[in-house]
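Trainee: Below is the structure I would like to discuss, written out as structure tokens.
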Amino acid sequence: MNAPLPRTRLLGAVLAIALMAAAVPATAAAPRAPAAASAQDAKPSKKELQIGRHLMMAKYLELQEHDPAAALKEYRAVLALDRKHVDATMAAARLEAASGKVAPAAKRLKRLAKDNPTNSAIWRELAEMQRQAGDLGAALEAYRKAVEVNPKDVEALSKVARLLSSRYAGGDTSVKAELTTALQAYLAAAKGRRDPDSRHAERLLAELTGGELARVIYDARSAYDDAWNDPSFSSINRGMAKARAGFERCVQLQPDNALCHYYLGLVFSSVKASDQYDLAKARAELEKAPALADAHVELAVIARKEADDARAKKELLAALNLDRNNQRAWVELGIAQKLDGADTEAIESFTQAVRIDSASSLAAKAIGEINILDPHNQLVQQRLRFGNVEGDVFSSEKFKSAVAAFERRFGGVDLDAPEQRVLEGMLERILDVADVETRYTFRIAVLNTLDVNAFALPNGNIYFTKGFFQFMKKTLPDRPIDIDHAPMAHVLAHEIVHVLRQHVVRSQVFQQAVGDASSSLDSSVLVHMTRIHEIEADREGMVLAAMAGYHPRGGIEFMEARGKAGEIPPHLDHPTYDERIQYLEEYWSNDVKYAWMSFSFGLTHMDEARRAEHTDLAKAEALYREAVEDFTRFNQTLKPTPETLNDLGIAYAKIGIYRMVGPDNPLHTWNTSFSVERTLALKYVSIRETTEDSKKRKRRGAPAEAAPFIPRELHQAVKQFKAALDRSPKYDKARVNLTLCYLAIRKIEEASQELATLESSPTYDKGELANLRGVVRAEAGAGSDAMSAFADAQSSPGSKSAATFNLARLQERDGKKKDAKKSYEAFLKLEQTGPWAEAAKLALARL
């Protein structure tokens with residue numbers, strides 16, 4: 001009697017048999033069903049059920065019990081029932097070969113291949129058996145058969161190439177042509193793979209088709225590419241050194257090889273913190289490749305970093321002359337045009353880049369640039385079409401325990417650290433410009449560890465390590481650790497951004513950990529950041545630090561120091577320090593620089609618009625719209641300030657007042673800093689009314705005589721002035737402008753409330769305030785109060801002219817013609833030209 005199966009095997013066998021008692025294996029040969037019966041109606045025969053049971057048991061024994069002998073017995077039982085069963089034959093042959101019986105296994109597969117000549121898997125299995133048996137010639141033939149059956153069989157193609165390359169390496173040059181074809185076929189079938197077999201095939205094919213020079217170039221390019229695939233800085237440095245040696249060997253073999261000069265230029269310009277970095281050498285090498293468009297693009301990038309905008313533009317135009325479809329050249333040209341203030345040309349260049357390949361990362365970058373210049377652009381709009389944690393987690397014992405564990409992990413908090421006061425002062429200085437909501441509470445501390453690091457916890461705890469300060473003192477010995485230390489300020493700003501952007505809180509890792517009530521919160525979850533988080537914190541941290549008065553290169557300086565020290569980011573999914581340097585330099589030399597320039601552009605457009613107001617309102621509106629785009633760009637890239645918000649509000653308000661339909665707009669009647677003289681305004685509005693506003697009213701179903709709609713620009717202006725006052729409640733200019741906007745939209749009560757706040761201001765110009773008070777009181781129907789206020793304003797030189805006109809207007813409205821005539825005449829002595837002077841002359845003619 002056979003020995004009984006162990007209990008576990010017996011249970012497994014019983015379960016396996018029970019589960020497949022009625023199953024028909026897909027590999028079994030089913031009898032032909034009668035024509036009238038469907039495939040689903042056909043019942044498995046007894047033989048098919050037996051085959052299915054043996055196959056299931058064989059797989060169970062082989063995979064679960066790891067008993068190949070017992071599994072082989074089951075496969076042979078299948079073959080006793082069906083000697084041509086493909087799966088059973090291949091499995092039996094594989095197990096026989098593994099037990100050392102290669103010859104009989106190969107014989108079994110030969111018979112199977114003869115019966116199934118179009119099954120490439122059988123030929124492949126046979127070839128492997130023959131290779132194991134040492135019959136390489138027969139193995140090659142079998143692999144050739146597999147490829148003949150399936151020309152895209154990557155595994156078979158790879159084996160053919162391997163066997164042929166071994167023969168070629170052994171001196172058999174007769175196989176060179178076949179080997180070349182095999183390598184080409186394999187690489188075509190394995191497109192996209194970067195495994196060792198593919199790399200070996202690429203290298204060998206390069207040598208076969210191009211000789212030593214092609215092999216040298218391949219090795220050098222591979223070293224350059226590999227340098228970016230390893231996160232450690234030391235590996236990047238080694239890779240660049242190897243790439244440099246390879247391309248220099250290429251130049252020795254062929255001094256005029258433009259591709260090698262181009263790549264040498266990349267080696268010298270790619271990794272700023274590496275030993276190879278040398279922009280002068282990079283420029284010299286790139287200039288030796290004048291026929292390559294990409295070389296001109298790289299020269300343009302170098303020129304832009306060196307603030308040589310003219311050279312950058314020249315190189316980009318040269319690149320496009322060589323290759324009109326060079327997408328990167330179009331993107332870089334767009335950036336150059338944007339920095340030069342040529343927005344229309346920049347948008348066209350970015351649009352051209354998108355047309356070349358709309359699915360690429362460069363297209364995404366181009367659309368992002370267009371969005372900055374024109375958010376309503378069709379490409380931007382088209383692209384736009386196609387976890388929160390509940391409760392007060394930070395107050396929970398679970399979170400507090402994790403914070404305590406985190407601090408213990410790094411040696412605890414040093415309460416007496418001399419750097420503590422410096423960090424606190426720096427924190428206050430940065431938060432002053434960060435526009436931080438009141439729900440954030442920051443705490444800063446020093447940890448007793450020599451690790452070089454800084455951390456931000458999601459609750460606002462920020463830590464610097466003792467090792468960080470030692471590193472700063474060692475690498476920047478001439479910089480005292482004080483509140484003006486720019487690199488340290490950038491690191492602190494970086495950590496603040498992590499908190500403000502809720503990088504940890506919004507992560508799935510944190511939310512899952514907090515939501516798991518069955519376990520404690522691992523302290524490592526508190527500082528879990530991704531690659532995107534780090535890049536975002538770098539960029540916004542640079543802006544925060546710069547707005548707080550620290551040099552913008554402070555963050556780059558710190559990254560360069562870490563890179564030089566050979567530091568590796570603590571997590572593999574984080575960008576390397578050199579990558580972060582490149583991102584920051586790109587951000588600073590492009591986005592941030594353009595944002596600062598936009599502020600200047602905005603002021604220029606505002607000045608030009610004010611001058612155009614007296615003669616050409618259409619031109620003035622266009623200029624104010626450009627100013628809106630300029631200030632919006634600044635506020636989106638950098639942190640909005642009360643001043644930029646106020647300027648943006650003024651531009652919006654001016655546009656809104658121009659578009660205000662109807663003759664009773666207060667700011668078309670009264671002379672204020674926002675006002676537009678009625679006759680000129682109505683003339684301009686009447687033109688717009690036929691094209692825009694009447695259409696809007698018709699769509700809304702409003703009658704022609706309905707109350708004038710309020711242009712959205714005036715609502716935007718109110719929003720901007722309120723935002724400026726939220727940041728700086730004592731910013732009187734913004735409050736005056738808000739009061740005027742309320743007047744324009746006829747919210748007299750709100751205007752009166754803002755005026756009451758202004759009355760208590762000890763610094764604002766009393767004459768302008770009195771003139772504004774007169775307008776508000778006149779619109780509120782308090783004529784005598786308004787008269788008194790205008791009289792007060794006339795005593796101030798800055799507001800005398802406007803107050804005199806307003807007094808005349810009020811007197812005319814109240815029927816005091818004689819007094820009004822006298823006041824208009826007085827006004828014309830103060831102001832002889834301009835729209836308000838023309839209005840005074842018309843009034844005198846009426847009177």
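How things are named: the first chain in the structure tokens is A, the next is B, and so on; residues count from 1 in each chain; ligands count from 1 in the order shown.
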Could you pull out the residues in stretch 371-609 of chain A that DSSP calls strand (DSSP E) from the backbone, as a VMD selection string?
Mentor: chain A and resid 443 to 447 454 to 456 461 to 465
Trainee: Could the residues in this selection be written to a file with C-alpha atoms, as a PDB file, in the first residue's frame?
Mentor:
```pdb
ATOM      1  CA  ARG A 443       6.760  76.748  16.293  1.00  0.00           C
ATOM      2  CA  ILE A 444      10.451  76.500  15.540  1.00  0.00           C
ATOM      3  CA  ALA A 445      13.070  74.420  17.373  1.00  0.00           C
ATOM      4  CA  VAL A 446      16.575  72.925  17.109  1.00  0.00           C
ATOM      5  CA  LEU A 447      17.091  69.135  17.289  1.00  0.00           C
ATOM      6  CA  ALA A 454      15.413  70.636   8.360  1.00  0.00           C
ATOM      7  CA  PHE A 455      11.845  69.397   8.753  1.00  0.00           C
ATOM      8  CA  ALA A 456       8.309  70.734   8.716  1.00  0.00           C
ATOM      9  CA  ASN A 461       6.357  72.660  13.833  1.00  0.00           C
ATOM     10  CA  ILE A 462       9.599  73.425  12.022  1.00  0.00           C
ATOM     11  CA  TYR A 463      12.914  71.912  13.069  1.00  0.00           C
ATOM     12  CA  PHE A 464      16.526  72.569  12.162  1.00  0.00           C
ATOM     13  CA  THR A 465      19.245  70.132  13.254  1.00  0.00           C
TER      14      THR A 465
END
```
Trainee: Using DSSP on the backbone coordinates, identify all residues within stretch 612-834 of chain A classified as alpha helix (DSSP H); present the result as a ChimeraX atom specification.
Mentor: /A:612,617-637,642-659,666-669,678-688,694-700,712-727,732-744,748-759,766-779,783-793,800-813,817-830
Trainee: Could you give me, as a PyMOL selection string, the residues within 7 Å of A:Ala93, counting only C-alpha atoms and dropping anything in the same chain fewer than 4 positions from it?
Mentor: chain A and resi 89+97+105+108-109
Trainee: Let me see the file: selected residues, C-alpha atoms, as a PDB file, in the first residue's frame.
Mentor:
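Generated file (selection_15.pdb):
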```
ATOM      1  CA  THR A  89       4.174  17.636 -23.095  1.00  0.00           C
ATOM      2  CA  ALA A  97      15.305  18.410 -18.261  1.00  0.00           C
ATOM      3  CA  ALA A 105      13.070  15.885 -22.976  1.00  0.00           C
ATOM      4  CA  ARG A 108       9.713  14.676 -26.657  1.00  0.00           C
ATOM      5  CA  LEU A 109       9.654  18.341 -27.763  1.00  0.00           C
TER       6      LEU A 109
END
```
Trainee: Determine, counting only C-alpha atoms, which protein, DNA and RNA residues have an atom within 8 Å of an atom of A:Leu72; residues of the same chain fewer than 2 positions away are not included. Present the result as a list in words.
Mentor: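 The neighbour list is Ala58, Pro68, Ala69, Ala70, Glu74, Tyr75, Arg76, Ala91, Ala92, Leu95 and Glu96 of chain A.
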Trainee: Excluding same-chain residues fewer than 5 positions from A:Met488, what lies within 9 Å of it counting only C-alpha atoms, as a list in words?
Mentor: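 After dropping sequence-adjacent residues, the list is Leu423, Phe469, Met472, Ile481, Ile483, Ala493, Gly554, Gly555 and Phe558 of chain A.
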Trainee: Could the residues in this selection be written to a file with N, CA, C and O atoms, as a compact mmCIF listing (two decimals), in the first residue's frame?
Mentor:
```
# COMPACT_ATOMS: atom_id res chain seq x y z
N LEU A 423 16.45 81.90 14.42
CA LEU A 423 15.39 81.25 13.67
C LEU A 423 14.04 81.91 13.92
O LEU A 423 13.24 82.09 12.99
N PHE A 469 23.48 73.50 11.17
CA PHE A 469 24.26 74.71 11.47
C PHE A 469 25.76 74.45 11.33
O PHE A 469 26.50 75.30 10.85
N MET A 472 26.50 74.61 7.67
CA MET A 472 26.52 75.99 7.18
C MET A 472 27.84 76.68 7.56
O MET A 472 28.44 77.39 6.76
N ILE A 481 25.84 83.10 11.39
CA ILE A 481 24.49 82.56 11.54
C ILE A 481 23.62 83.64 12.19
O ILE A 481 23.51 83.72 13.42
N ILE A 483 20.16 86.68 11.34
CA ILE A 483 18.85 86.81 10.70
C ILE A 483 18.96 87.15 9.22
O ILE A 483 17.99 87.01 8.47
N ALA A 493 11.99 79.12 4.50
CA ALA A 493 10.83 79.43 3.65
C ALA A 493 10.32 78.18 2.96
O ALA A 493 9.10 77.98 2.82
N GLY A 554 19.79 82.50 -2.63
CA GLY A 554 20.12 81.82 -1.38
C GLY A 554 19.81 80.34 -1.42
O GLY A 554 20.60 79.50 -0.97
N GLY A 555 18.64 79.98 -1.98
CA GLY A 555 18.27 78.58 -2.07
C GLY A 555 19.18 77.81 -3.00
O GLY A 555 19.58 76.68 -2.71
N PHE A 558 22.46 77.10 -1.30
CA PHE A 558 22.39 75.98 -0.36
C PHE A 558 22.42 74.65 -1.10
O PHE A 558 23.15 73.72 -0.72
```
Trainee: List the neighbours of A:Gly798 out to 7 Å using only C-alpha atoms; skip same-chain residues closer than 2 positions along the sequence, and give me the result as a PyMOL selection string.
Mentor: chain A and resi 767+796+800
Trainee: With only C-alpha atoms as the basis for distance, which of A:Asn150, A:Thr351, A:Thr173, A:Ser158 is at the shortest distance from A:Arg199?
Mentor: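 Nearest candidate to A:Arg199 out of A:Asn150, A:Thr351, A:Thr173, A:Ser158: A:Ser158.
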Trainee: Quick one: of A:Val154, A:Pro104, A:Asp591, A:Gly425, who's nearest to A:Arg124, counting only C-alpha atoms?
Mentor: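 Using only C-alpha atoms, A:Arg124 sits closest to A:Val154.
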Trainee: Determine, counting only C-alpha atoms, which protein, DNA and RNA residues have an atom within 12 Å of an atom of A:Asp765; residues of the same chain fewer than 4 positions away are not included. Present the result as a ChimeraX atom specification.
Mentor: /A:732-733,736,758-761,769-772,793,795-799
Trainee: If you keep C-alpha atoms, can you produce a file of those selected residues as a CSV table (one decimal), in the first residue's frame?
Mentor:
```csv
chain,number,residue,atom,x,y,z
A,732,ASP,CA,-5.7,104.5,3.0
A,733,LYS,CA,-5.2,104.7,-0.8
A,736,VAL,CA,-10.2,105.7,-1.0
A,758,LEU,CA,-11.0,107.4,6.3
A,759,GLU,CA,-12.0,110.5,8.3
A,760,SER,CA,-10.1,109.1,11.3
A,761,SER,CA,-6.9,108.7,9.3
A,769,LEU,CA,-10.6,113.5,1.5
A,770,ALA,CA,-12.8,116.7,1.7
A,771,ASN,CA,-13.5,116.4,-2.1
A,772,LEU,CA,-14.4,112.8,-1.7
A,793,ALA,CA,-11.3,121.0,-0.4
A,795,SER,CA,-8.2,125.3,0.4
A,796,SER,CA,-5.9,122.4,-0.6
A,797,PRO,CA,-3.7,123.0,-3.7
A,798,GLY,CA,-3.8,119.4,-4.7
A,799,SER,CA,-7.6,119.2,-4.8
```
Trainee: With distances taken over only C-alpha atoms, which of A:Met240, A:Ala612, A:Ala188, A:Ala245 is nearest to A:Ala227?
Mentor: A:Met240
Trainee: So which one's closest to A:Phe410, A:Glu287, A:Leu427, A:Asp343, A:Val452? Using only C-alpha atoms, please.
Mentor: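 With only C-alpha atoms as the atom set, the closest residue is A:Val452.
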Trainee: I'd like to know which of A:Arg553, A:Glu155, A:Val160, A:Ala189 is closest to A:Ala138, using only C-alpha atoms.
Mentor: A:Val160
